[in-house]
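K.L.:
Here's a structure for you.
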Amino acid sequence: MNPRGNPHTLAQARRRDSLDKRQRILTALTALEQQGEKITHAALARSAGVSTWLTYTEGVREHIEAAQQRQQPKASQPADTRNPNATLLTELELARQEIRALREERERMRQALQHQLGQQLDTLAAGDLTARVDELTQSNQQLTDQLRQATAENSALQERLTAAEADLTAARTSLRRMIRTENTTR
């Protein structure tokens, strides 16, 4: 199988996606026009959820321009004397709103990323703690074994000491008898 996918299937998917986006633009255009909203490329792109450049493409642009013409008052001024600043101000305000929304989204994403990184650090720290607990448990077991061995050796030495003390006491007693016997025989 081709690792890049089937080119025919990919082309069909792109065509369907393009047609879907163009249909969303036309639907949004109709909705904005019915609501009496000012039709601009930026407002239409935002409403349809597509990029602004798509609203300028051939086959879409003509519909937008026709809708804009329909919105013009019947007794409109000639094109060269109308106020282009009003359109620019509207576009500017829409752009500002979009910038605000994007900044808010960026902040939400940044906080979500911080939260996720914090969880990853907690997970890593927990893994390190688990390793440290295992290490300390193993060390504790070794120390317990050494203590048992030292206690056994201590008990053995204590028994030898008790036996040596008993032998010493017996030797002293025997020595005293010998000295007495020796003193009495003299």
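Each chain of the structure tokens is named A, B, ... in the order shown, its residues numbered from 1; ligands are numbered from 1 in display order.
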Can you list, as a ChimeraX atom specification, all residues belonging to segment 55-164 of chain A that DSSP tags as helix (DSSP H, G or I)?
P.N.:
/A:55,61-71,84-164
K.L.:
Skipping near chain neighbours, those fewer than 4 positions away, what residues fall within 9 Å of segment 12-25 of chain A using only C-alpha atoms, listed as a ChimeraX atom specification?
P.N.:
/A:7-8,29-30,44-45,47-50,54-55,59-60
K.L.:
Just the number, please: distance in Å from atom CA of Thr27 of chain A to atom CA of Glu93 of chain A, one decimal.
P.N.:
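Taking atom CA of Thr27 of chain A and atom CA of Glu93 of chain A, their separation equals 23.3 Å.
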K.L.:
Counting only C-alpha atoms, which of A:Arg46, A:Gln72, A:Asn85, A:Gln149 gets nearest to Ala101 of chain A?
P.N.:
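Nearest to Ala101 of chain A: A:Arg46.
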K.L.:
Need to verify the contact set: Glu33 of chain A, 10 Å, only C-alpha atoms, exclusion of same-chain residues closer than 4 positions in sequence. Can you return it as a VMD selection string?
P.N.:
chain A and resid 27 to 29 37 to 39 67 to 68 70 to 71
K.L.:
How many Å lie between atom CA of Arg186 of chain A and atom CA of Ala170 of chain A, rounded to one decimal?
P.N.:
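Computing it gives 24.1 Å between the two atoms.
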K.L.:
If I take atom CA of Ile64 of chain A and atom CA of Gln35 of chain A, how far is one from the other in Å, to one decimal?
P.N.:
15.1 Å
